[in-house]
$ cat target13.txt   # compact mmCIF, C-alpha atoms and all ligand atoms
# COMPACT_ATOMS: atom_id res chain seq x y z
CA MET R 1 0.00 0.00 0.00
CA LYS R 2 1.08 3.57 -0.68
CA SER R 3 2.68 5.24 2.27
CA ILE R 4 0.59 5.02 5.40
CA GLN R 5 2.25 8.19 6.67
CA GLU R 6 0.66 10.04 3.81
CA LEU R 7 -2.74 8.69 4.78
CA GLU R 8 -2.05 9.70 8.38
CA ALA R 9 -1.29 13.23 7.18
CA ILE R 10 -4.54 13.35 5.20
CA ARG R 11 -6.38 12.29 8.33
CA GLN R 12 -4.80 15.09 10.33
CA ARG R 13 -5.54 17.73 7.71
CA THR R 14 -9.13 16.54 7.42
CA LEU R 15 -9.64 16.58 11.17
CA ASN R 16 -8.45 20.18 11.24
CA THR R 17 -11.13 21.25 8.77
CA ILE R 18 -13.90 18.98 9.95
CA ASN R 19 -15.38 21.45 12.42
CA MET R 20 -15.66 24.08 9.74
CA ARG R 21 -17.36 21.63 7.49
CA LYS R 22 -20.09 20.82 9.98
CA ASP R 23 -21.53 24.31 9.66
CA ASN R 24 -22.00 23.99 5.93
CA GLN R 25 -25.26 22.58 4.78
CA ASN R 26 -24.85 19.68 2.45
CA THR R 27 -25.63 19.49 -1.24
CA ARG R 28 -26.12 15.92 -2.38
CA VAL R 29 -25.41 14.68 -5.89
CA VAL R 30 -26.98 11.29 -6.58
CA VAL R 31 -26.19 9.23 -9.69
CA GLY R 32 -28.47 6.38 -10.83
CA MET R 33 -26.48 3.14 -10.89
CA ALA R 34 -28.74 0.30 -11.93
CA THR R 35 -27.87 -1.84 -14.97
CA CYS R 36 -29.62 0.68 -17.20
CA GLY R 37 -27.57 3.58 -15.81
CA ILE R 38 -24.28 1.72 -15.90
CA ALA R 39 -24.82 0.60 -19.50
CA ALA R 40 -25.69 4.16 -20.49
CA GLY R 41 -22.45 5.56 -19.04
CA ALA R 42 -23.11 6.39 -15.39
CA ARG R 43 -19.68 5.36 -14.09
CA PRO R 44 -17.61 8.07 -15.85
CA VAL R 45 -20.24 10.61 -14.76
CA LEU R 46 -20.00 9.49 -11.14
CA LEU R 47 -16.19 9.53 -11.23
CA LYS R 48 -16.15 12.96 -12.87
CA PHE R 49 -18.34 14.38 -10.10
CA MET R 50 -16.06 12.82 -7.50
CA ASP R 51 -12.91 14.19 -9.14
CA GLU R 52 -14.33 17.68 -9.60
CA VAL R 53 -15.54 17.86 -6.02
CA ALA R 54 -12.07 16.77 -4.88
CA ASN R 55 -10.14 19.07 -7.23
CA ARG R 56 -12.23 22.15 -6.47
CA ASN R 57 -12.13 21.29 -2.80
CA LEU R 58 -15.88 21.66 -2.41
CA SER R 59 -16.64 20.87 1.17
CA GLY R 60 -20.27 20.23 1.94
CA VAL R 61 -20.92 18.40 -1.34
CA THR R 62 -21.43 14.66 -1.20
CA VAL R 63 -21.59 12.38 -4.22
CA SER R 64 -23.51 9.14 -3.94
CA GLN R 65 -25.43 6.63 -6.00
CA THR R 66 -28.80 5.00 -6.05
CA GLY R 67 -30.52 2.16 -7.89
CA CYS R 68 -32.88 2.61 -10.81
CA ILE R 69 -34.61 5.98 -10.71
CA GLY R 70 -37.31 4.67 -13.03
CA PHE R 71 -36.62 6.40 -16.35
CA CYS R 72 -34.20 3.90 -17.91
CA ARG R 73 -34.30 5.53 -21.35
CA LEU R 74 -33.08 8.84 -19.93
CA GLU R 75 -30.02 7.44 -18.13
CA PRO R 76 -27.48 8.46 -16.98
CA ILE R 77 -29.61 10.40 -14.51
CA VAL R 78 -28.25 12.71 -11.84
CA GLU R 79 -30.29 14.24 -9.04
CA VAL R 80 -29.12 17.26 -7.10
CA TYR R 81 -30.53 17.93 -3.65
CA SER R 82 -29.74 21.32 -2.18
CA PRO R 83 -30.91 22.45 1.23
CA ASP R 84 -34.32 24.17 1.16
CA LYS R 85 -34.68 23.68 -2.60
CA GLU R 86 -36.61 21.28 -4.75
CA LYS R 87 -34.74 18.32 -6.18
CA VAL R 88 -33.36 18.90 -9.69
CA THR R 89 -33.17 15.94 -12.09
CA TYR R 90 -30.66 16.00 -14.94
CA VAL R 91 -31.00 13.43 -17.72
CA LYS R 92 -28.71 11.87 -20.34
CA VAL R 93 -25.75 13.27 -18.48
CA ASN R 94 -22.24 12.77 -19.83
CA PRO R 95 -18.90 13.72 -18.24
CA ASP R 96 -18.65 16.89 -20.37
CA MET R 97 -21.82 18.23 -18.74
CA VAL R 98 -20.52 17.78 -15.21
CA GLY R 99 -18.36 20.92 -15.14
CA ARG R 100 -21.33 23.19 -15.85
CA ILE R 101 -23.61 21.46 -13.37
CA ILE R 102 -20.99 22.03 -10.71
CA THR R 103 -20.09 25.62 -11.59
CA ASP R 104 -23.55 26.95 -12.45
CA HIS R 105 -25.76 24.94 -10.17
CA ILE R 106 -23.82 23.61 -7.21
CA VAL R 107 -21.46 26.54 -6.74
CA ASN R 108 -23.61 29.43 -8.02
CA GLY R 109 -27.11 28.09 -7.39
CA LYS R 110 -28.31 28.45 -10.99
CA VAL R 111 -29.98 25.32 -12.37
CA VAL R 112 -28.76 24.29 -15.86
CA GLU R 113 -32.23 24.26 -17.40
CA GLU R 114 -31.36 22.67 -20.72
CA TYR R 115 -30.01 19.55 -19.00
CA THR R 116 -33.10 18.96 -16.85
CA ILE R 117 -35.74 16.32 -17.33
CA GLY R 118 -38.43 18.98 -17.71
CA TYR R 119 -36.60 20.61 -20.60
CA TYR R 120 -35.86 17.26 -22.23
CA GLU R 121 -39.48 16.07 -22.07
CA LYS R 122 -40.78 19.36 -23.47
CA ASN R 123 -38.38 19.29 -26.43
CA ASN R 124 -38.45 15.60 -27.30
CA LYS R 125 -42.11 14.77 -27.67
CA MET F 1 -22.07 -3.84 -21.59
CA PHE F 2 -18.80 -2.76 -23.20
CA GLU F 3 -16.39 -3.55 -20.38
CA ILE F 4 -15.90 -6.36 -17.90
CA SER F 5 -15.43 -3.72 -15.20
CA LEU F 6 -18.92 -2.37 -15.94
CA HIS F 7 -20.38 -5.84 -15.42
CA ILE F 8 -18.51 -5.96 -12.13
CA LEU F 9 -19.92 -2.58 -11.12
CA ASP F 10 -23.37 -3.89 -11.91
CA ILE F 11 -22.96 -7.15 -10.00
CA LEU F 12 -21.67 -5.11 -7.03
CA GLN F 13 -25.00 -3.27 -6.98
CA ASN F 14 -26.71 -6.60 -6.34
CA SER F 15 -24.41 -7.27 -3.37
CA ILE F 16 -25.06 -3.80 -2.01
CA LYS F 17 -28.82 -4.23 -2.39
CA ALA F 18 -28.51 -7.58 -0.63
CA GLY F 19 -27.25 -5.71 2.45
CA ALA F 20 -23.67 -7.02 2.36
CA SER F 21 -21.22 -5.60 4.91
CA LEU F 22 -18.17 -7.21 3.27
CA ILE F 23 -17.66 -7.56 -0.47
CA THR F 24 -14.61 -9.17 -2.06
CA VAL F 25 -13.63 -8.78 -5.70
CA ARG F 26 -10.79 -10.96 -6.92
CA LEU F 27 -9.29 -10.85 -10.39
CA THR F 28 -6.77 -13.45 -11.47
CA LEU F 29 -4.98 -13.37 -14.78
CA LYS F 30 -3.37 -16.60 -15.86
CA GLY F 31 -2.25 -16.75 -19.47
CA ASN F 32 -5.29 -15.76 -21.53
CA MET F 33 -7.81 -16.47 -18.83
CA LEU F 34 -9.14 -13.77 -16.57
CA THR F 35 -11.14 -15.06 -13.60
CA VAL F 36 -13.41 -12.66 -11.75
CA VAL F 37 -14.88 -13.66 -8.39
CA ILE F 38 -17.33 -11.41 -6.55
CA GLU F 39 -18.28 -12.60 -3.11
CA ASP F 40 -20.64 -11.00 -0.59
CA ASN F 41 -22.12 -11.73 2.80
CA GLY F 42 -25.52 -10.30 1.91
CA CYS F 43 -28.94 -11.92 2.29
CA GLY F 44 -28.30 -14.64 -0.31
CA MET F 45 -30.94 -16.43 -2.33
CA SER F 46 -32.93 -19.63 -2.00
CA LYS F 47 -31.92 -22.67 -4.06
CA GLU F 48 -34.93 -22.32 -6.34
CA PHE F 49 -34.26 -18.63 -6.91
CA VAL F 50 -30.57 -19.10 -7.79
CA ALA F 51 -31.50 -21.80 -10.26
CA ARG F 52 -33.62 -19.27 -12.15
CA VAL F 53 -31.59 -16.13 -11.63
CA CYS F 54 -29.69 -16.28 -14.93
CA ASP F 55 -33.04 -15.85 -16.66
CA PRO F 56 -33.50 -12.13 -17.42
CA PHE F 57 -37.13 -12.31 -16.39
CA VAL F 58 -36.22 -13.06 -12.80
CA THR F 59 -35.95 -10.02 -10.59
CA THR F 60 -37.17 -8.69 -7.27
CA ARG F 61 -36.91 -5.15 -8.46
CA THR F 62 -40.07 -3.09 -8.71
CA THR F 63 -39.27 -0.37 -11.24
CA ARG F 64 -39.26 -2.76 -14.18
CA LYS F 65 -40.02 -6.39 -14.85
CA VAL F 66 -36.67 -7.63 -16.12
CA GLY F 67 -33.45 -7.97 -14.19
CA MET F 68 -30.54 -8.00 -16.58
CA GLY F 69 -27.38 -7.78 -14.55
CA ILE F 70 -26.62 -11.46 -14.01
CA SER F 71 -27.84 -12.71 -17.38
CA LEU F 72 -25.73 -10.11 -19.18
CA PHE F 73 -22.61 -11.00 -17.20
CA LYS F 74 -23.12 -14.70 -17.93
CA ALA F 75 -23.68 -14.02 -21.63
CA GLY F 76 -20.55 -11.85 -21.77
CA ALA F 77 -18.34 -14.53 -20.22
CA GLU F 78 -19.74 -17.37 -22.29
CA ALA F 79 -19.50 -15.42 -25.55
CA SER F 80 -15.77 -15.07 -24.97
CA GLY F 81 -15.30 -18.80 -24.57
CA GLY F 82 -15.20 -18.54 -20.79
CA SER F 83 -17.64 -19.72 -18.16
CA PHE F 84 -19.97 -18.51 -15.44
CA SER F 85 -21.31 -19.77 -12.15
CA ILE F 86 -23.23 -18.47 -9.19
CA HIS F 87 -23.54 -19.94 -5.71
CA SER F 88 -25.70 -18.57 -2.99
CA ARG F 89 -27.02 -19.50 0.42
CA GLU F 90 -29.85 -17.76 2.14
CA GLY F 91 -28.62 -15.79 5.11
CA VAL F 92 -24.96 -16.46 4.25
CA GLY F 93 -24.09 -14.76 0.99
CA THR F 94 -23.45 -15.08 -2.70
CA THR F 95 -20.45 -15.83 -4.91
CA VAL F 96 -20.45 -15.02 -8.59
CA THR F 97 -17.60 -16.36 -10.74
CA ALA F 98 -16.97 -15.46 -14.36
CA VAL F 99 -14.07 -16.55 -16.52
CA PHE F 100 -13.15 -14.65 -19.68
CA ASP F 101 -10.77 -15.65 -22.45
CA ILE F 102 -9.19 -12.27 -23.10
CA SER F 103 -7.57 -13.45 -26.33
CA CYS F 104 -11.01 -14.00 -27.85
CA ILE F 105 -12.16 -11.16 -30.11
CA ASP F 106 -15.63 -11.30 -28.58
CA CYS F 107 -14.24 -10.65 -25.13
CA PRO F 108 -14.97 -7.15 -23.86
CA PRO F 109 -11.97 -5.21 -22.52
CA LEU F 110 -11.52 -5.09 -18.75
CA GLY F 111 -11.82 -1.30 -18.80
CA ASP F 112 -11.57 0.99 -15.83
CA ILE F 113 -11.66 -1.56 -13.02
CA ASN F 114 -10.06 0.86 -10.54
CA GLY F 115 -12.81 3.38 -11.29
CA THR F 116 -15.39 0.70 -10.62
CA MET F 117 -13.86 -0.25 -7.30
CA ILE F 118 -13.01 3.20 -6.00
CA SER F 119 -16.41 4.65 -6.85
CA GLN F 120 -17.91 1.92 -4.68
CA PHE F 121 -15.49 2.44 -1.79
CA VAL F 122 -16.45 6.11 -1.80
CA CYS F 123 -20.20 5.68 -2.31
CA HIS F 124 -20.44 3.04 0.40
CA PRO F 125 -17.99 3.90 3.13
CA GLU F 126 -20.09 1.77 5.47
CA ILE F 127 -19.29 -1.40 3.50
CA ASP F 128 -15.90 -3.12 3.72
CA PHE F 129 -14.28 -4.07 0.43
CA ILE F 130 -11.38 -6.29 -0.51
CA TYR F 131 -10.05 -5.82 -4.02
CA SER F 132 -7.33 -8.11 -5.23
CA PHE F 133 -5.58 -8.64 -8.53
CA THR F 134 -3.21 -11.51 -9.17
CA THR F 135 -0.89 -11.91 -12.15
CA ASP F 136 2.21 -14.04 -12.84
CA LYS F 137 4.21 -11.18 -11.31
CA GLY F 138 2.47 -11.16 -7.98
CA GLN F 139 -0.59 -9.98 -6.12
CA MET F 140 -2.11 -6.64 -5.22
CA GLU F 141 -4.57 -6.70 -2.35
CA PHE F 142 -6.39 -3.61 -1.17
CA ASP F 143 -8.54 -3.91 1.93
CA THR F 144 -10.58 -0.84 2.87
CA ARG F 145 -10.58 -2.00 6.49
CA ALA F 146 -6.87 -1.22 6.69
CA VAL F 147 -7.55 2.31 5.40
CA LYS F 148 -10.41 2.77 7.86
CA GLN F 149 -8.16 1.70 10.68
CA VAL F 150 -5.72 4.51 9.91
CA LEU F 151 -8.49 7.06 9.37
CA GLY F 152 -10.34 6.35 12.58
CA ASP F 153 -14.01 7.16 13.15
CA GLU F 154 -14.09 10.83 12.25
CA VAL F 155 -12.57 10.71 8.78
CA SER F 156 -14.58 8.85 6.19
CA LEU F 157 -13.48 7.03 3.02
CA ASP F 158 -15.50 9.51 0.98
CA THR F 159 -13.15 12.35 1.87
CA PRO F 160 -11.86 13.59 -1.52
CA GLU F 161 -8.19 13.44 -0.52
CA VAL F 162 -8.60 9.89 0.72
CA MET F 163 -10.18 8.93 -2.58
CA GLN F 164 -7.18 10.32 -4.46
CA TRP F 165 -4.81 8.50 -2.14
CA MET F 166 -6.59 5.21 -2.79
CA GLN F 167 -6.52 5.81 -6.54
CA GLU F 168 -2.78 6.39 -6.60
CA SER F 169 -2.04 3.63 -4.15
CA ILE F 170 -3.88 0.99 -6.19
CA LYS F 171 -2.50 2.23 -9.50
CA GLU F 172 1.05 2.01 -8.22
CA GLU F 173 0.64 -1.53 -6.98
CA LEU F 174 -1.03 -2.70 -10.17
CA GLU F 175 1.87 -1.32 -12.18
CA GLN F 176 4.26 -3.36 -10.09
CA ILE F 177 2.50 -6.61 -10.97
CA GLU F 178 1.97 -5.53 -14.59
CA ALA F 179 -1.78 -5.91 -14.37
CA ASN F 180 -2.64 -4.30 -17.66
CA VAL F 181 -5.42 -6.21 -19.35
CA ASN F 182 -6.94 -4.32 -22.23
N1 LIG N 201 -25.63 -10.94 -4.50
C1 LIG N 201 -26.95 -11.14 -4.39
N2 LIG N 201 -27.52 -11.39 -3.18
C2 LIG N 201 -28.87 -11.58 -3.07
N3 LIG N 201 -29.72 -11.55 -4.11
C3 LIG N 201 -29.23 -11.32 -5.33
C4 LIG N 201 -27.82 -11.10 -5.55
N4 LIG N 201 -27.63 -10.91 -6.88
C5 LIG N 201 -28.83 -10.98 -7.44
N5 LIG N 201 -29.82 -11.23 -6.55
C6 LIG N 201 -31.25 -11.39 -6.84
O1 LIG N 201 -31.38 -11.75 -8.20
C7 LIG N 201 -32.21 -10.82 -8.90
C8 LIG N 201 -31.72 -10.66 -10.33
O2 LIG N 201 -30.46 -9.95 -10.35
P1 LIG N 201 -30.04 -9.17 -11.68
O3 LIG N 201 -28.79 -8.42 -11.38
O4 LIG N 201 -30.00 -10.12 -12.82
O5 LIG N 201 -31.22 -8.17 -11.94
P2 LIG N 201 -31.70 -6.95 -11.00
O6 LIG N 201 -30.62 -6.56 -10.06
O7 LIG N 201 -33.00 -7.35 -10.41
O8 LIG N 201 -31.95 -5.79 -12.04
P3 LIG N 201 -30.80 -5.00 -12.88
O9 LIG N 201 -29.51 -5.72 -12.62
O10 LIG N 201 -31.24 -5.11 -14.30
O11 LIG N 201 -30.76 -3.62 -12.37
C9 LIG N 201 -32.17 -9.56 -8.06
O12 LIG N 201 -33.37 -8.81 -8.23
C10 LIG N 201 -32.04 -10.10 -6.65
O13 LIG N 201 -33.29 -10.46 -6.12
MG MG N 202 -28.60 -6.29 -10.79
$ encode --input "target13.txt" --output "C-alpha cells"
Amino acid sequence: MKSIQELEAIRQRTLNTINMRKDNQNTRVVVGMATCGIAAGARPVLLKFMDEVANRNLSGVTVSQTGCIGFCRLEPIVEVYSPDKEKVTYVKVNPDMVGRIITDHIVNGKVVEEYTIGYYEKNNK
Amino acid sequence: MFEISLHILDILQNSIKAGASLITVRLTLKGNMLTVVIEDNGCGMSKEFVARVCDPFVTTRTTRKVGMGISLFKAGAEASGGSFSIHSREGVGTTVTAVFDISCIDCPPLGDINGTMISQFVCHPEIDFIYSFTTDKGQMEFDTRAVKQVLGDEVSLDTPEVMQWMQESIKEELEQIEANVN
C-alpha cells in the first residue's frame, strides 16, 4: 500500500477542517447506478463528479449513488438535492456536462435548465 | 455492456442491495484467462431462486419487470469462450464467478476496473471491500478495512483526498504486478 504516513497526514488535515465543514449545509449529488444507468455511461459521470468535487475542494458536497430511478431511457440520470430547494433531475448526463452542473448549479445556485428532465421532455415529444 | 469492469460494477449493486457488509472482488490473470470472483455476505438467495436467476425475467426489483445484470454477465463470459457460475445460500451470501478468455475477439476489454472499485469504496464507506488482482508477477490486495483503521471514526473514506490517495495507491501496486489487461 502507498505510504501510510501520507494517509495519516490526510487524516490530520481533514480533522483540522472537519469542524468548519459541519456548519456547511450539504448538497447531495446522486447518480443512478442500476444496470440501465451503468450501461448508459453512469460510471464516468460518477467519477467525474467525485474528481471535480475533490479538485475544487468543495466541502459540503457529497456524491452518492442509487438504484434505478425509473426512467431507464433517460439514463445516466443525476439528481441534485440542495438544502431548502426542490430536487433537480438531470437526464442523459455525460462527463462533459458535469463541469457546468458544478459551476452553475452547485457553486452558483443556478440550475442548468437545458439539462433537466423537464426541458428534455418538453423538447423531445 | 462494453467492459468487464462495468459488469462488475453492476454485480456489485446486487451485493449492495442484498445488504452485504463485506464484499470481495478478486481478479486473477493466468495466461489468456481472466477469472473474476465477486463474493458477498448479503442476504443470499434460496436454491430455487438461484436456479432461475440467470433468466433475465427473474428479478425482485419493482421499477421494471426484467433484471438483466446477471444474465448479461453470464452471456458476456460465455461469448468469450469462458464460463460462469453463481452460488448462494440464504442468510450467508453469494459468490459469482466469471471466466473470460481475453484473447477471444468477442471478449470485452476489462476497462476501468479501478474506477469501478473506487467509486464503490467512496459511495459506500459503510461497507468493507477487498479488491485483489493476481498476475504471474504477484498480487495486489487492497482492503478498505486497513484504510479505515488509519483514518479512525471521524474521517470517512468519501473524503476527496482519501479517494485520491486510494486511486494512486492501487494504481502504483497494479503497475508493479503488470496488471494491464486491455
Ligand atoms: N448478490 C446477491 N444477493 C442476493 N440476491 C441477489 C444477488 N444478486 C442478485 N440477486 C437477486 O437476483 C435478482 C436478479 O439480479 P439481476 O442483477 O440479474 O437483476 P436486477 O438486479 O433485479 O436488475 P438490474 O440488474 O437489471 O438492475 C435480483 O433482483 C435479486 O433479487
Ligand atoms: Mg442487478
$ residues_near_ligand --input "target13.txt" --ligand "ligand MG 202 (chain N)" --cutoff "7 Å" --atoms "only C-alpha atoms and all ligand atoms" --output "VMD selection string"
(chain R and resid 34 to 35) or (chain F and resid 10 to 11 13 to 14 67 to 70)
$ interface_residues --input "target13.txt" --of "chain R" --to "chain F" --cutoff "8 Å" --atoms "only C-alpha atoms" --output "PyMOL selection string"
chain R and resi 1-2+4+7-8+10-11+14-15+33-35+38-39+43+46-47+50-51+53-54+57+63-65+67-70
$ atom_distance --input "target13.txt" --atom1 "atom CA of Ala75 of chain F" --atom2 "atom CA of Asp55 of chain F"
10.8 Å
$ atom_distance --input "target13.txt" --atom1 "atom CA of Val80 of chain R" --atom2 "atom CA of Val30 of chain R"
6.4 Å
$ atom_distance --input "target13.txt" --atom1 "atom CA of Ala20 of chain F" --atom2 "atom CA of Ser71 of chain F"
21.0 Å
$ residues_near_point --input "target13.txt" --point "(-28.1, 22.7, -16.9)" --cutoff "8 Å" --atoms "all atoms listed in the file" --output "ChimeraX atom specification"
/R:90,97,100-101,104-105,111-116
